[in-house]
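With PDB, N, CA and C atoms, pLDDT in the B column inside, this is input.pdb:
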MODEL        1
ATOM      1  N   MET T   1      21.992   4.341  68.829  1.00 62.00           N
ATOM      2  CA  MET T   1      21.335   4.073  70.092  1.00 62.00           C
ATOM      3  C   MET T   1      20.132   3.177  69.814  1.00 62.00           C
ATOM      4  N   TYR T   2      19.926   2.226  70.682  1.00 75.00           N
ATOM      5  CA  TYR T   2      18.842   1.266  70.550  1.00 75.00           C
ATOM      6  C   TYR T   2      17.701   1.680  71.476  1.00 75.00           C
ATOM      7  N   THR T   3      16.486   1.840  70.944  1.00 79.00           N
ATOM      8  CA  THR T   3      15.335   2.301  71.724  1.00 79.00           C
ATOM      9  C   THR T   3      14.185   1.323  71.575  1.00 79.00           C
ATOM     10  N   THR T   4      13.520   1.014  72.686  1.00 83.00           N
ATOM     11  CA  THR T   4      12.306   0.195  72.652  1.00 83.00           C
ATOM     12  C   THR T   4      11.176   0.963  73.337  1.00 83.00           C
ATOM     13  N   ILE T   5       9.952   0.565  73.031  1.00 82.00           N
ATOM     14  CA  ILE T   5       8.770   1.165  73.650  1.00 82.00           C
ATOM     15  C   ILE T   5       7.955   0.037  74.264  1.00 82.00           C
ATOM     16  N   ASN T   6       7.574   0.179  75.549  1.00 82.00           N
ATOM     17  CA  ASN T   6       6.771  -0.868  76.189  1.00 82.00           C
ATOM     18  C   ASN T   6       5.283  -0.615  75.943  1.00 82.00           C
ATOM     19  N   GLU T   7       4.428  -1.415  76.592  1.00 84.00           N
ATOM     20  CA  GLU T   7       2.981  -1.342  76.356  1.00 84.00           C
ATOM     21  C   GLU T   7       2.387   0.007  76.751  1.00 84.00           C
ATOM     22  N   GLU T   8       3.005   0.678  77.718  1.00 85.00           N
ATOM     23  CA  GLU T   8       2.477   1.948  78.209  1.00 85.00           C
ATOM     24  C   GLU T   8       3.028   3.142  77.436  1.00 85.00           C
ATOM     25  N   GLY T   9       3.821   2.904  76.432  1.00 83.00           N
ATOM     26  CA  GLY T   9       4.372   3.976  75.617  1.00 83.00           C
ATOM     27  C   GLY T   9       5.621   4.611  76.181  1.00 83.00           C
ATOM     28  N   ILE T  10       6.237   3.979  77.180  1.00 84.00           N
ATOM     29  CA  ILE T  10       7.450   4.520  77.797  1.00 84.00           C
ATOM     30  C   ILE T  10       8.666   4.074  76.990  1.00 84.00           C
ATOM     31  N   LEU T  11       9.530   5.030  76.691  1.00 85.00           N
ATOM     32  CA  LEU T  11      10.746   4.726  75.942  1.00 85.00           C
ATOM     33  C   LEU T  11      11.802   4.127  76.858  1.00 85.00           C
ATOM     34  N   ASN T  12      12.564   3.216  76.326  1.00 84.00           N
ATOM     35  CA  ASN T  12      13.673   2.609  77.050  1.00 84.00           C
ATOM     36  C   ASN T  12      14.889   2.657  76.132  1.00 84.00           C
ATOM     37  N   ASN T  13      15.874   3.475  76.483  1.00 84.00           N
ATOM     38  CA  ASN T  13      17.066   3.658  75.646  1.00 84.00           C
ATOM     39  C   ASN T  13      18.209   2.791  76.142  1.00 84.00           C
ATOM     40  N   TYR T  14      18.956   2.235  75.210  1.00 81.00           N
ATOM     41  CA  TYR T  14      20.115   1.415  75.525  1.00 81.00           C
ATOM     42  C   TYR T  14      21.340   2.026  74.862  1.00 81.00           C
ATOM     43  N   ALA T  15      22.439   2.029  75.575  1.00 78.00           N
ATOM     44  CA  ALA T  15      23.690   2.559  75.020  1.00 78.00           C
ATOM     45  C   ALA T  15      24.246   1.592  73.980  1.00 78.00           C
ATOM     46  N   ALA T  16      25.002   2.134  73.039  1.00 80.00           N
ATOM     47  CA  ALA T  16      25.667   1.300  72.042  1.00 80.00           C
ATOM     48  C   ALA T  16      26.805   0.550  72.716  1.00 80.00           C
ATOM     49  N   GLU T  17      26.881  -0.744  72.475  1.00 83.00           N
ATOM     50  CA  GLU T  17      27.923  -1.557  73.095  1.00 83.00           C
ATOM     51  C   GLU T  17      29.212  -1.477  72.274  1.00 83.00           C
ATOM     52  N   PRO T  18      30.353  -1.260  72.930  1.00 87.00           N
ATOM     53  CA  PRO T  18      31.613  -1.207  72.182  1.00 87.00           C
ATOM     54  C   PRO T  18      32.011  -2.601  71.704  1.00 87.00           C
ATOM     55  N   GLN T  19      32.795  -2.616  70.645  1.00 92.00           N
ATOM     56  CA  GLN T  19      33.263  -3.883  70.101  1.00 92.00           C
ATOM     57  C   GLN T  19      34.275  -4.519  71.051  1.00 92.00           C
ATOM     58  N   MET T  20      34.141  -5.823  71.290  1.00 93.00           N
ATOM     59  CA  MET T  20      35.064  -6.520  72.192  1.00 93.00           C
ATOM     60  C   MET T  20      36.350  -6.890  71.467  1.00 93.00           C
ATOM     61  N   TYR T  21      37.438  -6.904  72.207  1.00 92.00           N
ATOM     62  CA  TYR T  21      38.706  -7.385  71.678  1.00 92.00           C
ATOM     63  C   TYR T  21      39.465  -8.067  72.802  1.00 92.00           C
ATOM     64  N   TYR T  22      40.341  -8.973  72.438  1.00 94.00           N
ATOM     65  CA  TYR T  22      41.117  -9.715  73.415  1.00 94.00           C
ATOM     66  C   TYR T  22      42.491  -9.073  73.571  1.00 94.00           C
ATOM     67  N   ALA T  23      42.977  -9.039  74.804  1.00 92.00           N
ATOM     68  CA  ALA T  23      44.305  -8.501  75.062  1.00 92.00           C
ATOM     69  C   ALA T  23      45.359  -9.467  74.540  1.00 92.00           C
ATOM     70  N   GLU T  24      46.454  -8.916  74.097  1.00 93.00           N
ATOM     71  CA  GLU T  24      47.556  -9.747  73.613  1.00 93.00           C
ATOM     72  C   GLU T  24      48.556  -9.982  74.743  1.00 93.00           C
ATOM     73  N   TYR T  25      49.203 -11.121  74.728  1.00 94.00           N
ATOM     74  CA  TYR T  25      50.215 -11.440  75.724  1.00 94.00           C
ATOM     75  C   TYR T  25      51.382 -10.479  75.559  1.00 94.00           C
ATOM     76  N   PRO T  26      51.914  -9.929  76.657  1.00 93.00           N
ATOM     77  CA  PRO T  26      52.987  -8.934  76.530  1.00 93.00           C
ATOM     78  C   PRO T  26      54.265  -9.541  75.947  1.00 93.00           C
ATOM     79  N   ALA T  27      54.963  -8.727  75.192  1.00 96.00           N
ATOM     80  CA  ALA T  27      56.235  -9.146  74.598  1.00 96.00           C
ATOM     81  C   ALA T  27      57.288  -9.280  75.697  1.00 96.00           C
ATOM     82  N   ILE T  28      58.412  -9.900  75.362  1.00 96.00           N
ATOM     83  CA  ILE T  28      59.454 -10.159  76.355  1.00 96.00           C
ATOM     84  C   ILE T  28      60.015  -8.853  76.919  1.00 96.00           C
ATOM     85  N   TRP T  29      60.150  -7.804  76.096  1.00 96.00           N
ATOM     86  CA  TRP T  29      60.674  -6.531  76.595  1.00 96.00           C
ATOM     87  C   TRP T  29      59.660  -5.860  77.518  1.00 96.00           C
ATOM     88  N   GLU T  30      58.361  -6.067  77.261  1.00 96.00           N
ATOM     89  CA  GLU T  30      57.341  -5.522  78.159  1.00 96.00           C
ATOM     90  C   GLU T  30      57.356  -6.259  79.501  1.00 96.00           C
ATOM     91  N   GLN T  31      57.577  -7.565  79.455  1.00 96.00           N
ATOM     92  CA  GLN T  31      57.651  -8.343  80.685  1.00 96.00           C
ATOM     93  C   GLN T  31      58.826  -7.891  81.541  1.00 96.00           C
ATOM     94  N   ARG T  32      59.957  -7.626  80.911  1.00 97.00           N
ATOM     95  CA  ARG T  32      61.127  -7.142  81.647  1.00 97.00           C
ATOM     96  C   ARG T  32      60.858  -5.776  82.263  1.00 97.00           C
ATOM     97  N   LYS T  33      60.135  -4.927  81.517  1.00 97.00           N
ATOM     98  CA  LYS T  33      59.793  -3.607  82.030  1.00 97.00           C
ATOM     99  C   LYS T  33      58.890  -3.732  83.259  1.00 97.00           C
ATOM    100  N   TYR T  34      57.940  -4.674  83.231  1.00 97.00           N
ATOM    101  CA  TYR T  34      57.057  -4.884  84.379  1.00 97.00           C
ATOM    102  C   TYR T  34      57.833  -5.379  85.598  1.00 97.00           C
ATOM    103  N   VAL T  35      58.827  -6.221  85.378  1.00 97.00           N
ATOM    104  CA  VAL T  35      59.653  -6.710  86.480  1.00 97.00           C
ATOM    105  C   VAL T  35      60.436  -5.558  87.106  1.00 97.00           C
ATOM    106  N   LEU T  36      61.010  -4.706  86.267  1.00 98.00           N
ATOM    107  CA  LEU T  36      61.752  -3.556  86.786  1.00 98.00           C
ATOM    108  C   LEU T  36      60.839  -2.603  87.549  1.00 98.00           C
ATOM    109  N   GLN T  37      59.635  -2.390  87.055  1.00 98.00           N
ATOM    110  CA  GLN T  37      58.678  -1.539  87.760  1.00 98.00           C
ATOM    111  C   GLN T  37      58.306  -2.138  89.105  1.00 98.00           C
ATOM    112  N   GLY T  38      58.134  -3.451  89.152  1.00 98.00           N
ATOM    113  CA  GLY T  38      57.815  -4.123  90.406  1.00 98.00           C
ATOM    114  C   GLY T  38      58.947  -4.021  91.412  1.00 98.00           C
ATOM    115  N   LEU T  39      60.179  -4.188  90.940  1.00 98.00           N
ATOM    116  CA  LEU T  39      61.334  -4.060  91.835  1.00 98.00           C
ATOM    117  C   LEU T  39      61.462  -2.640  92.374  1.00 98.00           C
ATOM    118  N   PHE T  40      61.260  -1.653  91.516  1.00 98.00           N
ATOM    119  CA  PHE T  40      61.340  -0.261  91.942  1.00 98.00           C
ATOM    120  C   PHE T  40      60.245   0.060  92.959  1.00 98.00           C
ATOM    121  N   ALA T  41      59.029  -0.421  92.705  1.00 98.00           N
ATOM    122  CA  ALA T  41      57.924  -0.177  93.645  1.00 98.00           C
ATOM    123  C   ALA T  41      58.196  -0.850  94.983  1.00 98.00           C
ATOM    124  N   THR T  42      58.746  -2.069  94.959  1.00 98.00           N
ATOM    125  CA  THR T  42      59.078  -2.768  96.195  1.00 98.00           C
ATOM    126  C   THR T  42      60.147  -2.007  96.974  1.00 98.00           C
ATOM    127  N   LEU T  43      61.132  -1.476  96.265  1.00 98.00           N
ATOM    128  CA  LEU T  43      62.183  -0.694  96.911  1.00 98.00           C
ATOM    129  C   LEU T  43      61.607   0.559  97.580  1.00 98.00           C
ATOM    130  N   ILE T  44      60.696   1.247  96.906  1.00 98.00           N
ATOM    131  CA  ILE T  44      60.092   2.453  97.482  1.00 98.00           C
ATOM    132  C   ILE T  44      59.272   2.114  98.721  1.00 98.00           C
ATOM    133  N   VAL T  45      58.449   1.076  98.640  1.00 98.00           N
ATOM    134  CA  VAL T  45      57.605   0.698  99.784  1.00 98.00           C
ATOM    135  C   VAL T  45      58.464   0.270 100.966  1.00 98.00           C
ATOM    136  N   THR T  46      59.498  -0.524 100.694  1.00 98.00           N
ATOM    137  CA  THR T  46      60.385  -0.965 101.769  1.00 98.00           C
ATOM    138  C   THR T  46      61.068   0.232 102.426  1.00 98.00           C
ATOM    139  N   THR T  47      61.530   1.169 101.613  1.00 98.00           N
ATOM    140  CA  THR T  47      62.173   2.367 102.159  1.00 98.00           C
ATOM    141  C   THR T  47      61.204   3.161 103.030  1.00 98.00           C
ATOM    142  N   LEU T  48      59.977   3.333 102.553  1.00 98.00           N
ATOM    143  CA  LEU T  48      58.983   4.072 103.331  1.00 98.00           C
ATOM    144  C   LEU T  48      58.661   3.385 104.642  1.00 98.00           C
ATOM    145  N   VAL T  49      58.556   2.079 104.637  1.00 98.00           N
ATOM    146  CA  VAL T  49      58.277   1.342 105.880  1.00 98.00           C
ATOM    147  C   VAL T  49      59.442   1.480 106.845  1.00 98.00           C
ATOM    148  N   LEU T  50      60.666   1.338 106.359  1.00 98.00           N
ATOM    149  CA  LEU T  50      61.827   1.470 107.241  1.00 98.00           C
ATOM    150  C   LEU T  50      61.965   2.876 107.798  1.00 98.00           C
ATOM    151  N   VAL T  51      61.691   3.883 106.996  1.00 98.00           N
ATOM    152  CA  VAL T  51      61.742   5.269 107.484  1.00 98.00           C
ATOM    153  C   VAL T  51      60.644   5.486 108.524  1.00 98.00           C
ATOM    154  N   GLY T  52      59.473   4.960 108.278  1.00 97.00           N
ATOM    155  CA  GLY T  52      58.389   5.084 109.231  1.00 97.00           C
ATOM    156  C   GLY T  52      58.694   4.413 110.551  1.00 97.00           C
ATOM    157  N   LEU T  53      59.319   3.239 110.505  1.00 96.00           N
ATOM    158  CA  LEU T  53      59.681   2.538 111.729  1.00 96.00           C
ATOM    159  C   LEU T  53      60.797   3.264 112.483  1.00 96.00           C
ATOM    160  N   SER T  54      61.734   3.834 111.736  1.00 96.00           N
ATOM    161  CA  SER T  54      62.844   4.520 112.416  1.00 96.00           C
ATOM    162  C   SER T  54      62.393   5.838 113.047  1.00 96.00           C
ATOM    163  N   VAL T  55      61.395   6.495 112.474  1.00 95.00           N
ATOM    164  CA  VAL T  55      60.908   7.758 113.009  1.00 95.00           C
ATOM    165  C   VAL T  55      60.058   7.540 114.252  1.00 95.00           C
ATOM    166  N   SER T  56      59.291   6.470 114.257  1.00 87.00           N
ATOM    167  CA  SER T  56      58.378   6.249 115.394  1.00 87.00           C
ATOM    168  C   SER T  56      59.051   5.661 116.615  1.00 87.00           C
TER
ENDMDL
END

Kindly present the structure from the file in structure tokens form.
Amino acid sequence: MYTTINEEGILNNYAAEPQMYYAEYPAIWEQRKYVLQGLFATLIVTTLVLVGLSVS
């Protein structure tokens, strides 16, 4: 922890900063998995909207 003291003797504490890292581009199998998840989510939302419209 990093601590400083100002002219009036008041402590000021700073949190430790985590190390930065860059995200890696997803592999081709991960990209396919994301597409399937998107299609499944779209199917669920579409079904819910159609059920909602048919009930009302």

**Q.** Contact residues around Tyr2 of chain T with all atoms listed in the file at 7 Å, ignoring same-chain residues under 5 positions, as a VMD selection string
**A.** chain T and resid 12 to 16

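Between atom N of Glu17 of chain T and atom C of Thr3 of chain T there is a distance of 12.9 Å.
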
Q) Between atom CA of Tyr22 of chain T and atom CA of Phe40 of chain T, what is the distance, to one decimal in Å? A)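 Between atom CA of Tyr22 of chain T and atom CA of Phe40 of chain T the gap works out to 29.0 Å.
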
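Atom CA of Ala41 of chain T sits 19.4 Å away from atom C of Leu53 of chain T.
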
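For chain T, the set of residues given helix (DSSP H, G or I) by DSSP on the backbone reads T:Ile28, T:Trp29, T:Glu30, T:Gln31, T:Arg32, T:Lys33, T:Tyr34, T:Val35, T:Leu36, T:Gln37, T:Gly38, T:Leu39, T:Phe40, T:Ala41, T:Thr42, T:Leu43, T:Ile44, T:Val45, T:Thr46, T:Thr47, T:Leu48, T:Val49, T:Leu50, T:Val51, T:Gly52, T:Leu53, T:Ser54, T:Val55.
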
(Q) If you run DSSP on the backbone here, which positions in chain T get strand (DSSP E or B)? Please write them as a PyMOL selection string. (A) chain T and resi 2-5+11-14
